[in-house]
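S.K.: This is the content of protein.cif (mmCIF, C-alpha atoms):
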```
data_data
loop_
_atom_site.label_atom_id
_atom_site.label_comp_id
_atom_site.auth_asym_id
_atom_site.auth_seq_id
_atom_site.Cartn_x
_atom_site.Cartn_y
_atom_site.Cartn_z
CA MET A 1 119.50 12.51 11.06
CA GLU A 2 115.74 12.14 11.53
CA LEU A 3 114.58 9.85 14.30
CA HIS A 4 113.01 7.18 12.07
CA THR A 5 116.18 7.01 9.92
CA LEU A 6 118.37 6.71 13.01
CA ILE A 7 116.16 3.96 14.48
CA GLU A 8 116.29 2.01 11.20
CA ASP A 9 120.09 2.31 11.15
CA LEU A 10 120.59 1.23 14.77
CA TYR A 11 118.12 -1.64 14.46
CA ALA A 12 120.03 -3.04 11.46
CA ARG A 13 123.32 -3.14 13.33
CA THR A 14 124.50 -6.34 15.02
CA ALA A 15 126.41 -4.70 17.87
CA GLN A 16 126.63 -6.53 21.19
CA GLU A 17 127.60 -3.41 23.12
CA PHE A 18 125.61 -0.22 22.85
CA GLY A 19 126.87 3.32 22.91
CA GLU A 20 125.08 6.43 24.10
CA GLU A 21 123.53 7.01 20.66
CA TYR A 22 121.34 3.92 21.14
CA PHE A 23 119.94 5.14 24.43
CA ARG A 24 119.41 8.72 23.22
CA ALA A 25 117.53 7.49 20.15
CA PHE A 26 115.38 5.13 22.19
CA ASP A 27 114.61 7.79 24.80
CA ASP A 28 113.56 10.17 22.00
CA LEU A 29 111.27 7.46 20.60
CA LYS A 30 109.67 6.78 24.00
CA THR A 31 109.09 10.49 24.56
CA ALA A 32 107.37 10.76 21.19
CA LEU A 33 105.26 7.65 21.92
CA ASN A 34 104.28 8.94 25.37
CA GLU A 35 103.17 12.24 23.86
CA GLY A 36 101.35 10.63 20.93
CA ARG A 37 103.54 12.33 18.32
CA VAL A 38 104.48 9.00 16.73
CA ARG A 39 102.42 5.81 16.58
CA ALA A 40 102.95 2.21 15.57
CA ALA A 41 100.01 2.68 13.18
CA GLU A 42 98.17 5.82 12.12
CA PRO A 43 95.15 6.76 10.01
CA ASP A 44 95.85 7.09 6.29
CA PRO A 45 92.77 7.55 4.06
CA SER A 46 94.83 6.80 0.94
CA LEU A 47 95.22 3.11 1.89
CA PRO A 48 92.52 0.43 1.47
CA THR A 49 92.27 -0.18 5.21
CA GLY A 50 92.54 3.50 6.09
CA TRP A 51 95.56 2.74 8.29
CA LYS A 52 99.33 2.82 7.79
CA VAL A 53 101.76 0.68 9.79
CA ASN A 54 104.95 2.43 10.92
CA ALA A 55 107.37 -0.48 11.02
CA TRP A 56 110.22 1.72 12.20
CA VAL A 57 108.35 2.43 15.46
CA LYS A 58 108.11 -1.30 16.17
CA LYS A 59 111.81 -1.67 15.35
CA GLY A 60 112.55 1.07 17.87
CA ILE A 61 110.56 -0.74 20.58
CA LEU A 62 112.39 -4.00 19.82
CA LEU A 63 115.65 -2.06 19.98
CA GLY A 64 114.71 -0.95 23.48
CA PHE A 65 114.45 -4.57 24.58
CA ARG A 66 117.80 -5.33 22.95
CA ILE A 67 119.70 -2.56 24.76
CA GLY A 68 117.93 -2.87 28.12
CA ARG A 69 119.30 -4.58 31.21
CA ILE A 70 117.17 -6.59 33.61
CA VAL A 71 116.98 -4.70 36.90
CA GLU A 72 114.90 -4.85 40.03
CA MET A 73 112.06 -2.34 40.05
CA ALA A 74 110.62 -1.78 43.50
CA GLY A 75 106.90 -0.99 43.67
CA GLN A 76 104.71 0.39 46.39
CA PRO A 77 104.26 -1.58 49.62
CA SER A 78 101.52 -4.19 49.52
CA PRO A 79 99.40 -5.04 52.56
CA VAL A 80 100.04 -8.42 54.13
CA SER A 81 97.16 -9.81 56.14
CA LEU A 82 98.79 -12.91 57.64
CA ARG A 83 99.08 -12.84 61.43
CA GLY A 84 102.61 -13.02 62.72
CA THR A 85 104.16 -11.28 59.69
CA PRO A 86 106.72 -8.76 60.93
CA SER A 87 105.35 -5.25 60.99
CA PRO A 88 107.31 -2.05 60.32
CA LYS A 89 108.11 -2.02 64.04
CA GLY A 90 109.86 -5.35 63.65
CA ARG A 91 107.40 -7.19 65.90
CA GLY A 92 104.43 -9.42 65.26
CA LEU A 93 100.99 -8.09 64.42
CA GLU A 94 99.61 -9.38 67.69
CA SER A 95 102.10 -7.21 69.54
CA ASP A 96 101.04 -4.17 67.52
CA TYR A 97 97.42 -4.99 68.26
CA GLN A 98 98.16 -5.04 71.95
CA ASP A 99 99.81 -1.62 71.65
CA ALA A 100 96.61 -0.33 70.04
CA GLU A 101 94.48 -1.79 72.84
CA ALA A 102 96.69 -0.26 75.48
CA LYS A 103 96.07 3.27 74.28
CA PRO A 104 93.62 5.26 76.45
CA GLY A 105 90.06 4.94 75.19
CA ALA A 106 90.90 2.15 72.76
CA LYS A 107 88.16 -0.44 72.23
CA GLU A 108 88.72 -4.08 71.45
CA ARG A 109 87.81 -4.86 67.82
CA ARG A 110 85.94 -8.05 67.10
CA SER A 111 84.32 -9.47 63.99
CA GLU A 112 80.72 -10.66 63.77
CA THR A 113 81.93 -14.12 64.85
CA GLY A 114 83.59 -12.68 67.93
CA ALA A 115 87.16 -13.10 66.69
CA ARG A 116 89.62 -10.36 67.49
CA GLU A 117 90.49 -8.14 64.52
CA VAL A 118 93.79 -6.46 63.74
CA PRO A 119 93.40 -2.75 62.99
CA PRO A 120 94.32 -2.16 59.34
CA ARG A 121 96.84 0.55 60.21
CA TYR A 122 98.87 -2.05 62.09
CA ILE A 123 98.96 -4.63 59.33
CA GLY A 124 102.52 -5.24 58.17
CA ALA A 125 103.75 -4.57 54.63
CA LEU A 126 106.25 -6.12 52.24
CA PRO A 127 107.46 -4.30 49.11
CA ASP A 128 106.45 -5.57 45.70
CA GLN A 129 109.31 -6.73 43.53
CA PHE A 130 109.39 -6.43 39.77
CA ARG A 131 112.24 -7.39 37.45
CA ASP A 132 112.24 -6.03 33.91
CA LYS A 133 114.34 -4.22 31.30
CA ASP A 134 115.46 -0.85 32.63
CA THR A 135 114.41 0.71 29.34
CA PHE A 136 110.73 0.02 30.11
CA PRO A 137 109.77 1.39 33.53
CA LEU A 138 106.21 2.37 34.43
CA LYS A 139 104.79 5.35 32.57
CA ARG A 140 104.52 8.69 34.34
CA ILE A 141 100.94 9.87 34.02
CA PRO A 142 100.98 13.48 32.76
CA ASP A 143 99.20 16.24 34.67
CA GLY A 144 96.50 18.34 33.06
CA GLN A 145 94.89 15.65 30.90
CA ASN A 146 92.27 14.45 33.43
CA ILE A 147 93.50 10.86 33.15
CA ARG A 148 92.14 8.64 35.91
CA VAL A 149 94.17 5.65 37.06
CA VAL A 150 92.06 4.26 39.89
CA PRO A 151 94.03 2.59 42.72
CA GLY A 152 94.07 -1.19 42.75
CA GLY A 153 96.96 -2.74 40.86
CA SER A 154 97.03 -1.41 37.29
CA SER A 155 100.26 -1.13 35.29
CA ILE A 156 100.89 1.21 32.37
CA ARG A 157 104.24 0.68 30.70
CA ASP A 158 106.41 3.53 29.51
CA GLY A 159 106.14 4.30 25.81
CA CYS A 160 102.35 4.20 25.45
CA TYR A 161 99.98 7.11 24.93
CA LEU A 162 96.88 7.90 27.02
CA GLY A 163 94.65 10.69 25.72
CA LYS A 164 92.65 13.25 27.66
CA GLY A 165 90.01 11.89 30.00
CA VAL A 166 91.05 8.24 29.71
CA VAL A 167 89.80 6.12 32.63
CA CYS A 168 91.77 3.07 33.81
CA MET A 169 89.93 0.79 36.22
CA PRO A 170 91.98 -1.67 38.28
CA PRO A 171 93.53 -3.98 37.58
CA MET A 172 94.32 -3.25 33.92
CA TYR A 173 97.45 -3.28 31.81
CA ALA A 174 98.59 -1.19 28.85
CA ASN A 175 101.78 -2.26 27.10
CA THR A 176 104.42 -0.16 25.42
CA GLY A 177 103.60 1.21 21.99
CA ALA A 178 99.85 1.21 22.68
CA TYR A 179 97.79 4.28 21.78
CA VAL A 180 94.57 4.98 23.72
CA ASP A 181 92.72 8.06 22.53
CA ASP A 182 90.59 10.61 24.40
CA GLU A 183 87.77 9.63 26.78
CA THR A 184 88.21 5.89 26.39
CA MET A 185 87.60 3.59 29.35
CA ILE A 186 89.79 0.55 30.02
CA ASP A 187 87.87 -1.53 32.51
CA SER A 188 89.02 -4.03 35.16
CA HIS A 189 91.19 -6.99 34.13
CA SER A 190 91.55 -5.62 30.59
CA LEU A 191 94.66 -5.68 28.42
CA VAL A 192 95.72 -3.25 25.73
CA GLY A 193 98.59 -5.04 24.03
CA SER A 194 101.83 -3.70 22.61
CA CYS A 195 101.23 -1.30 19.67
CA ALA A 196 97.43 -1.75 19.80
CA GLN A 197 95.52 1.35 18.68
CA VAL A 198 92.30 2.34 20.46
CA GLY A 199 90.21 5.30 19.34
CA LYS A 200 88.20 7.99 21.10
CA ARG A 201 85.29 7.22 23.44
CA ALA A 202 85.81 3.46 23.19
CA HIS A 203 84.90 1.17 26.07
CA ILE A 204 87.14 -1.82 26.70
CA SER A 205 84.96 -3.77 29.12
CA ALA A 206 86.02 -5.99 32.01
CA ALA A 207 88.42 -8.83 31.13
CA ALA A 208 88.57 -7.86 27.44
CA GLN A 209 91.83 -8.55 25.65
CA ILE A 210 93.06 -6.22 22.89
CA GLY A 211 95.98 -8.18 21.54
CA GLY A 212 99.26 -6.61 20.58
CA VAL A 213 101.24 -7.24 17.41
CA LEU A 214 104.89 -6.28 17.81
CA GLU A 215 106.33 -8.83 15.39
CA PRO A 216 106.57 -9.12 12.47
CA VAL A 217 107.30 -5.40 12.39
CA GLY A 218 105.34 -4.83 9.19
CA ALA A 219 102.16 -6.48 10.46
CA MET A 220 99.17 -4.31 11.35
CA PRO A 221 98.44 -4.20 15.08
CA VAL A 222 94.94 -4.61 16.48
CA ILE A 223 92.98 -1.42 15.82
CA ILE A 224 89.80 -0.37 17.63
CA GLU A 225 88.36 2.77 16.09
CA ASP A 226 86.26 5.54 17.69
CA ASP A 227 83.10 4.81 19.71
CA VAL A 228 83.55 1.03 19.73
CA LEU A 229 82.15 -1.00 22.62
CA VAL A 230 84.19 -4.13 23.37
CA GLY A 231 82.11 -6.27 25.73
CA GLY A 232 83.32 -8.24 28.72
CA ASN A 233 85.60 -11.23 28.11
CA CYS A 234 86.04 -10.35 24.44
CA GLY A 235 89.30 -11.04 22.63
CA VAL A 236 90.54 -9.15 19.56
CA TYR A 237 93.75 -10.55 18.10
CA GLU A 238 96.04 -10.89 15.06
CA GLY A 239 95.73 -7.42 13.59
CA THR A 240 91.94 -7.30 13.47
CA LEU A 241 90.48 -3.89 12.55
CA VAL A 242 87.19 -2.96 14.25
CA ARG A 243 85.58 0.01 12.53
CA ALA A 244 84.00 3.00 14.28
CA GLY A 245 80.85 2.46 16.30
CA ALA A 246 80.91 -1.33 16.23
CA VAL A 247 79.67 -3.32 19.24
CA LEU A 248 81.25 -6.62 20.27
CA ALA A 249 78.92 -8.52 22.58
CA ALA A 250 80.37 -10.18 25.67
CA GLY A 251 82.50 -13.21 24.89
CA THR A 252 83.12 -12.42 21.21
CA ILE A 253 86.50 -13.58 19.92
CA LEU A 254 87.95 -12.11 16.73
CA THR A 255 91.07 -13.59 15.11
CA GLY A 256 92.58 -13.62 11.66
CA SER A 257 91.67 -17.27 11.14
CA THR A 258 87.99 -17.07 12.12
CA PRO A 259 85.44 -15.95 9.50
CA VAL A 260 82.73 -13.51 10.55
CA TYR A 261 79.23 -14.07 9.13
CA ASP A 262 77.15 -10.98 8.39
CA LEU A 263 73.48 -12.00 8.47
CA VAL A 264 72.32 -8.49 7.57
CA ARG A 265 74.38 -8.01 4.41
CA ASP A 266 74.72 -11.70 3.55
CA ALA A 267 78.53 -11.52 3.55
CA VAL A 268 81.48 -13.31 5.11
CA TYR A 269 84.52 -11.37 6.32
CA ARG A 270 87.97 -12.97 6.52
CA ARG A 271 91.60 -11.96 6.64
CA GLU A 272 92.81 -12.06 3.04
CA GLY A 273 96.54 -11.95 2.32
CA ASP A 274 97.97 -8.75 3.76
CA GLN A 275 94.50 -7.38 4.49
CA PRO A 276 93.31 -7.82 8.08
CA LEU A 277 89.96 -9.07 9.26
CA ILE A 278 87.76 -5.95 9.18
CA ILE A 279 84.56 -5.53 11.17
CA PRO A 280 82.32 -2.96 9.44
CA ALA A 281 81.38 0.30 11.11
CA GLY A 282 78.37 0.04 13.41
CA ALA A 283 78.20 -3.76 13.26
CA VAL A 284 76.82 -5.59 16.30
CA VAL A 285 78.79 -8.84 16.64
CA VAL A 286 77.78 -11.74 18.90
CA PRO A 287 79.31 -15.18 19.53
CA GLY A 288 77.80 -17.86 17.30
CA SER A 289 78.48 -21.27 15.78
CA ARG A 290 78.36 -23.01 12.41
CA ALA A 291 77.79 -26.68 11.77
CA VAL A 292 80.48 -28.94 10.32
CA HIS A 293 79.06 -30.28 7.03
CA LYS A 294 81.42 -33.10 6.18
CA GLY A 295 83.48 -35.93 7.62
CA ARG A 296 83.49 -37.13 11.16
CA GLY A 297 82.51 -33.71 12.47
CA GLN A 298 79.21 -33.91 10.62
CA GLU A 299 78.59 -37.43 11.92
CA LEU A 300 79.09 -36.26 15.49
CA GLY A 301 76.97 -33.13 15.04
CA ILE A 302 79.86 -30.82 15.91
CA SER A 303 79.66 -27.06 15.45
CA LEU A 304 82.55 -24.57 15.39
CA TYR A 305 82.69 -21.16 17.00
CA THR A 306 82.17 -18.18 14.73
CA PRO A 307 81.31 -14.51 15.32
CA VAL A 308 78.04 -13.36 13.76
CA ILE A 309 76.84 -9.86 12.84
CA ILE A 310 73.16 -9.84 13.74
CA LYS A 311 72.38 -6.15 13.15
CA TYR A 312 73.88 -2.69 12.80
CA ARG A 313 73.92 -0.09 15.52
CA ASP A 314 70.65 1.73 16.12
CA GLU A 315 69.14 4.02 18.74
CA LYS A 316 68.40 1.12 21.09
CA THR A 317 72.03 -0.03 20.91
CA ASP A 318 73.22 3.52 21.55
CA GLN A 319 71.09 3.77 24.69
CA ALA A 320 72.66 0.57 26.00
CA THR A 321 76.18 1.96 25.51
CA ARG A 322 75.58 5.33 27.20
CA LEU A 323 76.04 3.83 30.66
CA GLU A 324 79.73 4.61 30.39
CA GLU A 325 78.99 8.35 30.42
CA LEU A 326 77.52 7.99 33.91
CA LEU A 327 80.82 6.57 35.21
CA ARG A 328 82.89 9.62 34.34
#
```
Can you turn what I pasted into structure tokens?
M.R.:
Amino acid sequence: MELHTLIEDLYARTAQEFGEEYFRAFDDLKTALNEGRVRAAEPDPSLPTGWKVNAWVKKGILLGFRIGRIVEMAGQPSPVSLRGTPSPKGRGLESDYQDAEAKPGAKERRSETGAREVPPRYIGALPDQFRDKDTFPLKRIPDGQNIRVVPGGSSIRDGCYLGKGVVCMPPMYANTGAYVDDETMIDSHSLVGSCAQVGKRAHISAAAQIGGVLEPVGAMPVIIEDDVLVGGNCGVYEGTLVRAGAVLAAGTILTGSTPVYDLVRDAVYRREGDQPLIIPAGAVVVPGSRAVHKGRGQELGISLYTPVIIKYRDEKTDQATRLEELLR
């Protein structure tokens, strides 16, 4: 039986206990997701949006949560800087500091204010503690793809794909089912949500949120196509599709319920029925506002947030986005 047929069959069952076939099928799905052989959504030029949702993949991920058990997952030791915290030797930091001073040639360390400093190598450590489903551990980063995961507290969950040359700046988070294509940068404090699709050479800037759409299983996830720049503190949610080469200025929020006004083409883009909100290729989107024209809102002079397309990408815009190349 093919994997997608097996996943559909297991997902439809109402079993409370799970045999080995469940775990084998889910492990096969995760392997395929990790390697990029299957995706929650994939390009399909025959469809109006150019993208096809693979609902069975989402069902498989949900199945993994159903069959998983909550277990403790120990992480790497974290430094603890409080004085008096037991060190690996079982004694206080002050005692370790005295041992360091007692060594021949050791010099007393003091800060600019004159306070005594504890050498970093003597600072005690306590292990991190995580508790999650045993079916979703951290992803093993494959060798040979030049993926950079810079130290500093990032987490990449098993069952997501990272392409060649992807850069992950700490702290960032990529959830299961996500697909991040070649040479994309995920900057500090950024999120790539479950099943989100991010194209090649994209830049997800600091504190940007690429929302995930796991349920309903037939809904399109957030899709960021090739060469898109998502500025700092942006949020892209509810299955929004951002076409290739678009630029989202810092602080832009895109949702299915917020219309986007295109001042260049004199158009308004909205989510319509099953069709997602679509940002045109090369559009430069900035945060804006529109006045309320009736009722109490008009009386109070209230305006509502709305994204605005002020131009389409040009040579000047391209120069501004080439900074990323210098970071690689």
S.K.: Check which residues satisfy the PyMOL selection byres ((chain A and resi 281-285) around 12) in the file shown, then give them as an MDAnalysis selection string.
M.R.: chainID A and resid 224:231 234 241:254 260:265 278:280 286:288 306:318 321
S.K.: Evaluating the PyMOL selection byres ((chain A and resi 152) around 12) on the displayed file yields which residues, as number ranges by chain?
M.R.: A: 76, 78-79, 149-151, 153-155, 168-173, 187-189
S.K.: Write the residues of the preceding selection, restricted to C-alpha atoms, as a compact mmCIF listing (two decimals), in the frame of the given file.
M.R.:
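selection23.txt was written with the following content:
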```txt
# COMPACT_ATOMS: atom_id res chain seq x y z
CA GLN A 76 104.71 0.39 46.39
CA SER A 78 101.52 -4.19 49.52
CA PRO A 79 99.40 -5.04 52.56
CA VAL A 149 94.17 5.65 37.06
CA VAL A 150 92.06 4.26 39.89
CA PRO A 151 94.03 2.59 42.72
CA GLY A 153 96.96 -2.74 40.86
CA SER A 154 97.03 -1.41 37.29
CA SER A 155 100.26 -1.13 35.29
CA CYS A 168 91.77 3.07 33.81
CA MET A 169 89.93 0.79 36.22
CA PRO A 170 91.98 -1.67 38.28
CA PRO A 171 93.53 -3.98 37.58
CA MET A 172 94.32 -3.25 33.92
CA TYR A 173 97.45 -3.28 31.81
CA ASP A 187 87.87 -1.53 32.51
CA SER A 188 89.02 -4.03 35.16
CA HIS A 189 91.19 -6.99 34.13
```
S.K.: If you count only C-alpha atoms, which residues fall within 7 Å of stretch 27-40 of chain A, apart from same-chain ones fewer than 4 positions away, as an MDAnalysis selection string?
M.R.: chainID A and resid 23 53:55 57:58 159:161 177 195
S.K.: The PyMOL selection byres ((chain A and resi 240) around 6) on the file shown: which residues, as a ChimeraX atom specification?
M.R.: /A:222,237-239,241,276-277
S.K.: Using C-alpha atoms, can you write the selected residues to a file as a PDB file, in the coordinates of the input?
M.R.:
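After the write, result.pdb holds the following:
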```pdb
ATOM      1  CA  VAL A 222      94.940  -4.610  16.480  1.00  0.00           C
ATOM      2  CA  TYR A 237      93.750 -10.550  18.100  1.00  0.00           C
ATOM      3  CA  GLU A 238      96.040 -10.890  15.060  1.00  0.00           C
ATOM      4  CA  GLY A 239      95.730  -7.420  13.590  1.00  0.00           C
ATOM      5  CA  LEU A 241      90.480  -3.890  12.550  1.00  0.00           C
ATOM      6  CA  PRO A 276      93.310  -7.820   8.080  1.00  0.00           C
ATOM      7  CA  LEU A 277      89.960  -9.070   9.260  1.00  0.00           C
TER       8      LEU A 277
END
```
S.K.: The centre and edge lengths of an axis-aligned box containing all atoms of stretch 227-242 of chain A present in the file, extended by 3 Å on each side, are to be given in Å to one decimal, as lines of an AutoDock Vina configuration file.
M.R.:
```
center_x = 89.1
center_y = -3.2
center_z = 20.6
size_x = 19.9
size_y = 22.0
size_z = 22.2
```
S.K.: Rounded to one decimal in Å, what is the spacing between atom CA of A:Lys139 and atom CA of A:Ala178?
M.R.: 11.8 Å
S.K.: Quick check, in Å to one decimal: how far apart do atom CA of A:Ile186 and atom CA of A:Ile141 lie?
M.R.: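 Atom-to-atom, atom CA of A:Ile186 to atom CA of A:Ile141, that is 15.1 Å.
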S.K.: Neighbourhood query: residues within 6 Å of (103.2, -1.7, 29.4), file coordinates, counting all atoms listed in the file; return as a list in words.
M.R.: Ile156, Arg157, Ala174, Asn175 and Thr176 of chain A
S.K.: Please dump the current selection as a CSV table (one decimal), keeping the file's coordinate frame; keep C-alpha atoms.
M.R.:
```csv
chain,number,residue,atom,x,y,z
A,156,ILE,CA,100.9,1.2,32.4
A,157,ARG,CA,104.2,0.7,30.7
A,174,ALA,CA,98.6,-1.2,28.8
A,175,ASN,CA,101.8,-2.3,27.1
A,176,THR,CA,104.4,-0.2,25.4
```
S.K.: So, with all atoms listed in the file as the atoms that count, which of A:Ala219, A:Leu191, A:Met185, A:Ser257 lies closest to A:His203?
M.R.: A:Met185
